[in-house]
Amino acid sequence: MYTIYLVPHTHYDAVWALSKEDYLYINIDIILKQALDLTESRNYKFLIEQTALLEEIERRNPYLYDRIAASIQAGKIEIAGGEYLMADTMIPSGETLVREIFTGKQYAREKFGVDIPVMWGADSFGYNAQMPQVYTKSGYKYFAFRRGANRDKPSEFWWQGLDGSKILAHWMPLGYRAGLDFPKLEENFQILKEAAVTDHILMACGSGSIPPQPETPRVVKKWNKAHQDSRMLIAKASDFFEGLAQNAGKLETRRGELYSGRCSQVFPSSNSSRIWIKQALRKYENMLLVCEKWATIAWLLDIPYPTYELKDNWRKVLWGAFHDVAPGTGMDEAYEEASHNFDYLQTHLYQFLYNFTSVISQNLQVEEDIIVFNPLAWEVKNWVEVEVGFDKGRIKRIGGLRTGREEIEAEILEFSRYADDSYQTAKLGFVATVPAFGYRTYKILRRNPRGQVIPKIKITGNTIQNQFFRVRVDPSNGLIDVFQDGEWLVKGNELVLDEEVGDLYYHRQNLDQPLGTEGGESGITFGKFRMKSFRITKTPLRRVINIESEFYSLRWPYRLINKLRPLLWRHKYLSLYKKIIIYNEIPRIDFVTNVDNQHPQVRLRTKFTTRVSSPRYQSETQFGVITRPVNQYYLNPKSKWVEKPSGLYPALNWVDYSDKQGGVTLINKGLPEHEVRDGKIYLTLLRSILMLASDGITGPAIPTPDAQEFKNYTFEYSLFPHQKGWKGANSFKPAYEFNYGLFGFQLPPEKRRGNLPYRFSFVELKPENLILVAFKKAEDSDEVILRFFETKGERTTGEITLFREPSSVKMANLLEEEAEPEREIKIRGRKIRLRVKPFEIVSLKVKF
């Protein structure tokens with residue numbers, strides 16, 4: 001006897017092809033009112049996914065909200081998933097995904113007194129490899145999902161994360177509409193039965209913003225009369241899983257990310273649609289985590305904790321992480337709120353950091369001019385830029401900086417002067433070495449620094465050499481070749497312009513070659529990149545290669561091009577300004593590429609050609625690192641795939657392509673889409689799109705003028721050449737240093753009466769493969785939540801050094817609830833020691 005669990009539901013799109021207000025009207029005034037009428041009058045149940053919708057109902061319609069609350073407590077309405085908003089799990093940071101769950105589950109617990117055992121993944125575009133750990137440590141027992149399965153059966157299995165965590169999972173073979181079309185129930189039952197392992201069948205009965213069907217109880221009754229081999233129930237998702245769990249012991253285990261187009265669509269090209277959203281989300285989720293860390297330090301120094309302010313800021317970030325916002329796959333108007341949120345965060349978070357400067361300033365022992373903050377839990381040496389201003393007549397010369405007994409050089413990047421030739425303002429750039437999760441202060445010198453002995457950066461012709469590598473630049477096209485130990489390693493920063501006739505979900509092109517490449521080796525006959533200017537700026541601290549170029553769709557003559565020199569250049573729609581920065585003391589090559597795009601229907605990528613020949617590469621994912629195969633572009637599966645392999649994947653902060661002799665780590669700043677093919681790494685900068693969807697299936701054919709990307713963009717990425725594998729080279733460290741950076745501010749001119757020295761560390765984690773992601777005040781107590789993860793996939797003993805001695809340290813889950821101690825936590829003075837499993841996410845509750 002099969003048991004069919006018919007689960008009525010609706011998928012709530014906060015924004016997509018309609019506006020936020022449209023979807024709220026549909027879901028509140030139509031869908032949920034009808035669902036409540038059914039649950040209150042008949043044998044009917046209903047599933048709600050996201051608590052942001054419930055918050056809006058509470059604010060707009062208290063009467064309806066009270067009815068919903070009563071139905072939830074009566075077991076008629078189930079909250080499944082329960083995130084604040086259903087997040088994309090591939091683009092946002094891991095900590096952002098934790099906060100989506102925490103915010104939603106906290107609301108459900110406080111308002112309705114319910115726990116949420118089922119994670120309901122109705123529409124997210126695949127799932128990263130660490131979600132089993134995130135889900136189980138957030139109190140979920142079960143996981144139902146629609147997209148990303150790499151096998152069509154069985155539809156039930158144990159899904160295992162990188163750390164070994166397992167969650168009982170069900171893939172929806174027919175999506176979340178299996179029970180929506182009643183005339184097809186018999187046909188769909190046969191398909192689901194074929195895929196199922198047990199006699200428990202989940203049949204989701206709903207769709208995106210579709211009202212419930214009042215005849216459902218009658219249809220179920222009719223089914224049960226007509227079938228002797230099955231029994232259909234109007235059920236909750238948890239009912240299905242409780243039945244499935246009785247036979248869970250015989251299920252297979254699957255490992256790794258659920259990001260395959262074999263059985264369902266995951267829309268890999270959405271990782272480059274509306275790229276400004278990806279850039280802004282990465283910037284502000286990082287900044288908010290930094291602000292939260294420093295707010296916690298300020299609270300420990302007796303400054304009130306800005307609880308409600310931080311919660312409001314997190315809601316703005318969580319909106320940006322929604323599964324139709326982060327991928328950028330909706331109509332143009334859908335992104336107005338995200339744009340306003342990011343504008344607010346830009347102003348507010350920088351002001352927040354500046355205000356924290358005064359907190360430290362009041363507690364310093366010495367009078368200094370500049371303070372630099374490091375949010376990472378290891379000592380960082382990195383480039384930092386600081387804006388300073390002076391009273392008239394105070395500073396007439398800036399020669400360098402002093403910190404403690406050390407004196408260092410500084411560049412004056414910009415300045416203005418008073419009439420007496422003294423500095424009014426200046427923007428200083430220098431290499432700062434700042435303690436782990438701490439600060440360092442600097443005093444402006446009015447003379448040249450003394451006693452500083454560092455290896456000098458050398459330049460010979462168009463070749464630049466520092467202590468780490470040698471870089472040769474071609475002045476005819478601006479491309480660089482990188483050598484290490486005399487061996488050529490990589491050639492790159494070559495822009496590749498492709499035709500784009502796809503949509504927000506898929507890249508498509510008709511041409512079998514690019515429109516043009518900066519190297520000129522390929523491209524159609526008519527167009528070409530043209531170098532406009534080239535120069536190398538020299539300073540004691542770095543070399544900056546400055547390149548201006550343009551792409552013309554037509555040059556003349558366009559025949560006999562190997563023989564005749566171009567005389568006319570016409571139809572310029574793409575202008576480029578590129579900076580390549582090579583530092584004296586930093587082992588990265590940083591790229592700043594400014595693109596003024598007016599070219600419709602193009603994809604712009606940057607390419608790095610390596611000497612590496614390996615069948616696999618590493619990619620950072622949320623809370624870990626995964627291995628992926630190369631050359632997936634050429635994959636031609638024997639069986640039919642729903643989505644043809646494209647070779648395109650998302651990465652969090654970095655990808656690494658290396659072998660035993662070394663390789664390169666390509667670091668991105670909000671540019672997740674990449675491809676590794678034929679020894680080359682491609683990083684997508686933008687795609688110019690005309691339509692939301694152009695296949696008539698994925699979505700409506702809505703024009704998207706703003707997604708044509710007729711904008712001025714600045715793209716930042718970096719290359720880290722190394723002679724070891726990614727683990728030996730610690731590739732994650734330069735990636736996090738590039739993404740988080742150092743923050744520098746001018747200190748206010750006031751008397752210092754504190755006891756803090758010129759350099760100080762608040763928290764340090766060892767060894768270096770432990771990455772601190774959160775340091776925040778606990779929501780329900782006067783404790784601190786300290787969260788980190790292991791990133792090399794190695795067992796280790798972690799050591800945490802705090803600036804104060806803790807009175808107690810306890811294990812916690814991701815909901816900040818105390819967890820059963822799985823290991824001994826040793827506390828000795830200010831140090832905490834504990835064992836950490838490979839790729840484990842560890843949350844500690846620390847009381848001072």
# chains A, B, ... in the order shown; residues from 1 in each chain; ligands from 1

call {"tool": "closest_atom_pairs", "arguments": {"of": "stretch 406-447 of chain A", "to": "stretch 292-309 of chain A", "cutoff": "12 Å", "atoms": "only C-alpha atoms", "output": "CSV"}}
result
residue,atom,partner,partner_atom,distance
A:Phe437,CA,A:Lys293,CA,8.9
A:Gly438,CA,A:Trp294,CA,9.4
A:Tyr439,CA,A:Trp294,CA,10.9

call {"tool": "write_last_selection", "arguments": {"atoms": "all heavy atoms", "output": "CSV table (one decimal), in the first residue's frame"}}
result
chain,number,residue,atom,x,y,z
A,437,PHE,N,42.6,40.2,14.1
A,437,PHE,CA,41.4,40.9,14.6
A,437,PHE,C,41.8,42.0,15.6
A,437,PHE,O,41.4,41.9,16.8
A,437,PHE,CB,40.5,39.8,15.2
A,437,PHE,CG,39.1,40.3,15.6
A,437,PHE,CD1,38.7,41.6,15.2
A,437,PHE,CD2,38.2,39.5,16.3
A,437,PHE,CE1,37.4,42.0,15.6
A,437,PHE,CE2,36.9,40.0,16.6
A,437,PHE,CZ,36.5,41.2,16.3
A,438,GLY,N,42.4,42.9,15.1
A,438,GLY,CA,42.9,44.0,15.9
A,438,GLY,C,43.2,45.3,15.2
A,438,GLY,O,42.7,45.5,14.1
A,439,TYR,N,44.1,46.1,15.7
A,439,TYR,CA,44.4,47.4,15.1
A,439,TYR,C,45.8,47.7,15.3
A,439,TYR,O,46.6,47.1,16.0
A,439,TYR,CB,43.5,48.5,15.7
A,439,TYR,CG,43.9,48.8,17.2
A,439,TYR,CD1,44.9,49.7,17.5
A,439,TYR,CD2,43.3,48.1,18.2
A,439,TYR,CE1,45.3,49.9,18.8
A,439,TYR,CE2,43.6,48.4,19.5
A,439,TYR,CZ,44.7,49.3,19.8
A,439,TYR,OH,45.0,49.5,21.1

call {"tool": "residues_around", "arguments": {"residues": "A:Leu38", "least_positions_apart": "3", "cutoff": "10 Å", "atoms": "only C-alpha atoms", "output": "number ranges by chain"}}
result
A: 32-35, 41-46, 76, 212-217

call {"tool": "residues_around", "arguments": {"residues": "stretch 747-758 of chain A", "least_positions_apart": "4", "cutoff": "6 Å", "atoms": "only C-alpha atoms", "output": "VMD selection string"}}
result
chain A and resid 362 to 365 369 to 370 440 to 441

call {"tool": "residues_around", "arguments": {"residues": "A:Leu786", "least_positions_apart": "4", "cutoff": "9 Å", "atoms": "only C-alpha atoms", "output": "list in words"}}
result
Leu772, Val773, Ala774, Phe775, Lys776, Lys777, Val842, Ser843, Leu844, Lys845 and Val846 of chain A

call {"tool": "atom_distance", "arguments": {"atom1": "atom CA of A:His722", "atom2": "atom CA of A:Leu576"}}
result
28.8 Å

call {"tool": "residues_around", "arguments": {"residues": "stretch 252-258 of chain A", "least_positions_apart": "3", "cutoff": "8 Å", "atoms": "only C-alpha atoms", "output": "JSON, numbers by chain"}}
result
{"A": [126, 127, 128, 129, 130, 147, 148, 149, 150, 157, 158, 159, 160, 161, 162, 626]}

call {"tool": "write_last_selection", "arguments": {"atoms": "N, CA and C atoms", "output": "short mmCIF file (atom, residue, chain, number, x, y, z; two decimals), in the first residue's frame"}}
result
data_model
loop_
_atom_site.label_atom_id
_atom_site.label_comp_id
_atom_site.auth_asym_id
_atom_site.auth_seq_id
_atom_site.Cartn_x
_atom_site.Cartn_y
_atom_site.Cartn_z
N GLY A 126 20.04 25.30 -6.93
CA GLY A 126 21.09 24.40 -6.49
C GLY A 126 21.50 24.65 -5.06
N TYR A 127 22.33 23.74 -4.52
CA TYR A 127 22.69 23.79 -3.10
C TYR A 127 24.16 23.47 -2.92
N ASN A 128 24.84 24.35 -2.17
CA ASN A 128 26.28 24.14 -1.96
C ASN A 128 26.54 22.95 -1.05
N ALA A 129 27.78 22.49 -1.07
CA ALA A 129 28.14 21.21 -0.45
C ALA A 129 28.12 21.23 1.07
N GLN A 130 28.01 22.40 1.69
CA GLN A 130 28.01 22.46 3.15
C GLN A 130 26.61 22.63 3.73
N ARG A 147 15.74 21.50 -7.23
CA ARG A 147 16.78 21.69 -8.25
C ARG A 147 18.14 21.16 -7.80
N GLY A 148 18.89 20.61 -8.76
CA GLY A 148 20.30 20.31 -8.53
C GLY A 148 20.65 18.85 -8.39
N ALA A 149 19.68 17.94 -8.34
CA ALA A 149 20.00 16.51 -8.17
C ALA A 149 20.81 16.01 -9.37
N ASN A 150 21.81 15.18 -9.08
CA ASN A 150 22.64 14.64 -10.16
C ASN A 150 22.22 13.24 -10.61
N PHE A 157 17.32 9.94 -0.30
CA PHE A 157 18.70 9.56 0.02
C PHE A 157 19.17 10.37 1.22
N TRP A 158 20.28 9.96 1.75
CA TRP A 158 20.98 10.75 2.77
C TRP A 158 21.95 11.68 2.04
N TRP A 159 21.85 12.96 2.32
CA TRP A 159 22.78 13.92 1.72
C TRP A 159 23.85 14.27 2.75
N GLN A 160 25.11 14.06 2.38
CA GLN A 160 26.23 14.25 3.31
C GLN A 160 27.06 15.48 2.92
N GLY A 161 27.35 16.31 3.90
CA GLY A 161 28.16 17.50 3.69
C GLY A 161 29.64 17.21 3.77
N LEU A 162 30.44 18.24 3.57
CA LEU A 162 31.90 18.08 3.55
C LEU A 162 32.44 17.58 4.88
N ILE A 626 35.66 22.79 -2.52
CA ILE A 626 35.27 21.60 -3.27
C ILE A 626 36.16 21.45 -4.49
#
